[in-house]
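Step one of this worksheet: look at the structure below.
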Amino acid sequence: MKLLALPFRVLGRFRLYSIVNMLGLAISLACVIVITRYINQETTVNHFASDLKHTYILSIENPEDGRKRFGGATVRAEDNIPFPPLLNNPSVKNTTTFFAYEEDFIVSGNHRINVKAIAADSNFFKILPFPIRYGSHKMIDPSDAIITEKFAQKLFGKENPIGKKFTHSSGDELKVVGVTGKPSSKSFLAFDILLDKDQRQFMAIQAFTLIKLHTGADVRKLNDSNRQLDESRSVAPNPVRLQLFPLKDFYFDRTHEVWKITRNNDLSVFVKGNRDAVKILLVVGILILLVGLFNLINIYTVITLKRGKEFGVKKIFGAGKGQIFWQIYGENLLMTLIAVFLAWFFIEIAQSYLSTRLNFEVIPNPVFSILFSVLILIFLPLITSLHPYLRYHYSKPIASLQSVYVRGVSLASRKTFLFLQYVITFGLIVIALFFMKQLNYMLAVNPGYNTKDVIMARMMHRDLNAFRSSDMEAAFRKISENATLVRDKMNKSPLFSDWEFGLPVYNLEAKVPMKRSDRSNYQPVSSVGMSPQYMKMFGFQLKEGRLWDSTDVNGEFKYIINESAAKLFEITDIRTVKLESQYKREGETAPIHQVVGIIKDFHTGHLSKTTTPLVISYTERGFHFDYLMARFVPGKQKEALAYLENLYKEINNDAEFTYSLLEDDIAKLYEEDKRISRVYLLFSIIAILVSCMGLFAISVFDIRQRYREIALRKVNGATTNNIMHLFLNKYLMLLAVSFLTAIPISYVVISKHLENFAYKISVSSWIAMFSVISAIIVIFVSLLTLVWQIKTAMRTNPANALKLE
């Protein structure tokens, strides 16, 4: 019983050190727990699948151009296309085919609501068992539908959604038979509605296939034995190869494209992760843990130094090594237990900030949280107990009896831990400042075309019901009338200076194989169509040749390219070079395109990437199902949005109107960079706080040990400045060495991170400035801590100080 009560007595006896210790550890652990939970969520995507280890997604490989993609191959038996040998193999246990409709809609009441929908077959839930909160996961009738709990609340509020009906974009009335909740782990699919695949037959080329193999199946051997080319089931103009790709790797995969209707990533049914961001967070978490760990060891070392007599006496009276170890371990366990409790308290308080500002949306996982907390309670006290235990276990009793009074004893170890803390702190600050500067640089770079005051909105949506209509001609006539209505009203409105239908160019990828007609090697480029009005609206700058003019017509084999494409194809004179696409219709020769102009490069994506080689074909006017891109008159944004919303609802029967500003969409490319910068800045501040708490506790100990020395110096005429200089010297030297160690490490880390960035600020030019700023911040806060302690000691009456032992 005494052994259990002893840790509480020790914490009470050294309450100042204990409070600082537990508070610093709690702050560090809160950061570590938040980061660890997030990393666990990101690295366990799809783990709710019934047998993820043996679950795969069908991959389609094009050997001619090396492109790989998910989706686009029809494998359904009802399409009268036989299953490929790969899926007929006895190793295959289950398959499910689903279709992704990223710009679907429903009509509830008189309101049209945009949704992300999936049409699946009966095996879908066997492979991806999304939990059912209400109703059933079985869609017996084609009119049955399952919706997510979040969408159910949006659509029906607090009412029971089971049995509720709404009209689908197909024109069919659907009935809610089930409501899904959040799965136990993050999913690679984000949808609002799950439909029966028999309800949607159009555009089957969007098929995605999941495959579950029997336990023990060799997927490598299965893929190797099915490397033959398949000619009948893909939208590619040439034979492709079907392979199995692990579903567990889908989330971070960057080798495949995802076959989609839309190019708007915000609408995507498929959720993709960023492995680099996870790695950065992992490193930050380790650094913060080390700061807290060093702080705990350092301060507890101070506590044990003050208890030198106690340990010396215990050893003299026969205390065994086990007794001393368990006493030290028990004290550290108690401090860690309190720190863990405080850490979870801090997390609950900061939850709103973490989700809104740092985008740390974490699916609750009580099992992982409890397990991680238990591991902390087991191993952290063990690690922090080793240093003080070994120190007193191998020291003679007389040394323990004297240690509290002997200057310099254990000073090396305390300085080492403090040094490591400050190396991490300096490094985090420099890296945070550099990332913020790089981010601001990327956000401020002129994209190379006019993006100011441009609204982007889908005014018209593909009405898939038109293809099932008994009067298809009337349905298409209505679409044409709506397109004409939009054009007429946009041309008449004084709120807009320019407008056109089209797709944005801020996230282009080189996917189309093309070559010079006089050469054999194909190069990937991005191929887009632009009308004269589109090019005029954005002000693309001509470098050579001409832009589109009145002599151009649809269907002509002419291109305008950018500087990057000209460089890629080694074009020095556009009159002598023609381009040829790899894709051609069966039985026809590939058309030869004349290059009529070269425009200056503009930024086609994240500035970490080089400009995409771009090939532009002529189109007389934009496609009405693409975005309406309208530049409003400065100062008229509110009126312009109201005008577009009214026009949208006139066409789409009071549907919900969504829009974005082009400049905001470009800024969204850097959301991950913003989050990383905020994370670094936040944890840099926390590292400073924890390190200064450790410095505070150690300086309290050192200065109180020298109260008599301070008193004697005061009596003999020493000034405050003399004493300040005496005490600050060793700490300033420690900070200086930490600073000089951290800067080259920071330089290497930053250079490594930016080595693949196409556009970046100069590391060598800015590292010096940020190093100076970090030094000013850390040294200023640290000196405040030290000066306050020294002034407190100076105010002590010399007579009282001289009476101390």
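Starting from 1 in every chain, residues are counted up; chains themselves are A, B, ... following the order of the structure tokens, and ligands are numbered from 1 as listed.
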**OP:** Step one, run DSSP on the backbone; step two, keep only residues of range 467-564 of chain A assigned to alpha helix (DSSP H); then write them as a PyMOL selection string.
**Re:** chain A and resi 472-492+532-538+563-564
**OP:** Based on DSSP run over this structure's backbone, return all residues of range 594-728 of chain A in strand (DSSP E or B), as an MDAnalysis selection string.
**Re:** chainID A and resid 594:599 614:618 627:632 660:661
Original post:
Near Ile479 in chain A, within 10 Å and counting only C-alpha atoms, which residues show up once chain neighbours fewer than 5 positions away are dropped, as a list in words?
Top reply: Met460, His461, Arg462, Asp463, Ala466, Ala474, Thr484, Leu485, His624, Phe625 and Ile651 of chain A
Subject >> Shell of 8 Å around Pro524 in chain A, only C-alpha atoms, local chain residues under 4 positions omitted, as a list in words >> reply: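 The residues satisfying every condition are Ala510, Lys511, Val512, Pro513, Met514 and Pro613 of chain A.
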Please write the residues from the selection above to a file, keeping C-alpha atoms, as a compact mmCIF listing (two decimals), in the first residue's frame.
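result39.txt, freshly written:
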```txt
# COMPACT_ATOMS: atom_id res chain seq x y z
CA ALA A 510 -0.82 14.66 -70.42
CA LYS A 511 -2.77 11.54 -71.40
CA VAL A 512 -3.05 11.59 -75.21
CA PRO A 513 -0.22 9.93 -77.17
CA MET A 514 0.91 12.09 -80.09
CA PRO A 613 2.37 20.00 -73.13
```
**OP:** Find the residues around Ala30 in chain A up to 7 Å (only C-alpha atoms counted), leave out those fewer than 5 positions away in its own chain, and share them as a list in words.
**Re:** Ala343, Trp344, Phe346 and Ile347 of chain A
Residues at most 6 Å from Leu210 in chain A, counting only C-alpha atoms, excluding those fewer than 6 positions away in the same chain, as a PDB file with C-alpha atoms, in the first residue's frame?
```pdb
ATOM      1  CA  TYR A  56      -8.912  -6.445 -55.921  1.00  0.00           C
ATOM      2  CA  ILE A  57     -10.151  -3.878 -58.414  1.00  0.00           C
ATOM      3  CA  THR A  95     -17.220 -10.235 -58.323  1.00  0.00           C
ATOM      4  CA  THR A  96     -19.297  -7.079 -58.268  1.00  0.00           C
TER       5      THR A  96
END
```
**OP:** Quote the spacing between CA of Val240 in chain A and CA of Arg227 in chain A in Å to one decimal place.
**Re:**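 According to the coordinates, CA of Val240 in chain A and CA of Arg227 in chain A are separated by 9.4 Å.
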Original post:
Looking at only C-alpha atoms, which of A:Glu103, A:Asp224, A:Glu580, A:Glu331 is the one that sits closest to Thr384 in chain A?
Top reply: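 Result for the nearest residue to Thr384 in chain A: A:Glu331.
Reported to one decimal place, the separation of CA of Lys212 in chain A from CA of Val367 in chain A is 26.7 Å.
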**OP:** Using CA of Val374 in chain A and CA of Asp276 in chain A as the two end points, give the distance in Å to one decimal.
**Re:** 28.5 Å
**OP:** Identify which of the residues A:Met733, A:Val107, A:Met490, A:Val278 lies closest to Gly171 in chain A, counting only C-alpha atoms when measuring atom-to-atom distances.
**Re:** A:Val107
Original post:
So which residues touch Ala117 in chain A within 12 Å, counting only C-alpha atoms, skipping near sequence neighbours fewer than 3 positions away, as a ChimeraX atom specification?
Top reply: /A:98-106,113-114,120,145-148,151,168-169,189-197,199-200,267-270
Original post:
Taking into account only C-alpha atoms, which residue in the set A:Leu495, A:Phe294, A:Phe379, A:Phe360 is nearest to Lys638 in chain A?
Top reply: A:Leu495
**OP:** Check the smallest atom-to-atom distance from each of A:Val749, A:Val778, A:Ile599, A:Leu87 to Ala565 in chain A using only C-alpha atoms, then report the winner.
**Re:** A:Ile599
**OP:** Using only C-alpha atoms, find the one residue out of A:Tyr659, A:Tyr449, A:Phe417, A:Phe435 that sits nearest to Leu296 in chain A.
**Re:** A:Phe417
**OP:** Would you mind telling me which residue in A:Phe250, A:Tyr643, A:Phe368, A:Trp326 lies nearest to Val34 in chain A when using only C-alpha atoms?
**Re:**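 Nearest to Val34 in chain A: A:Phe368.
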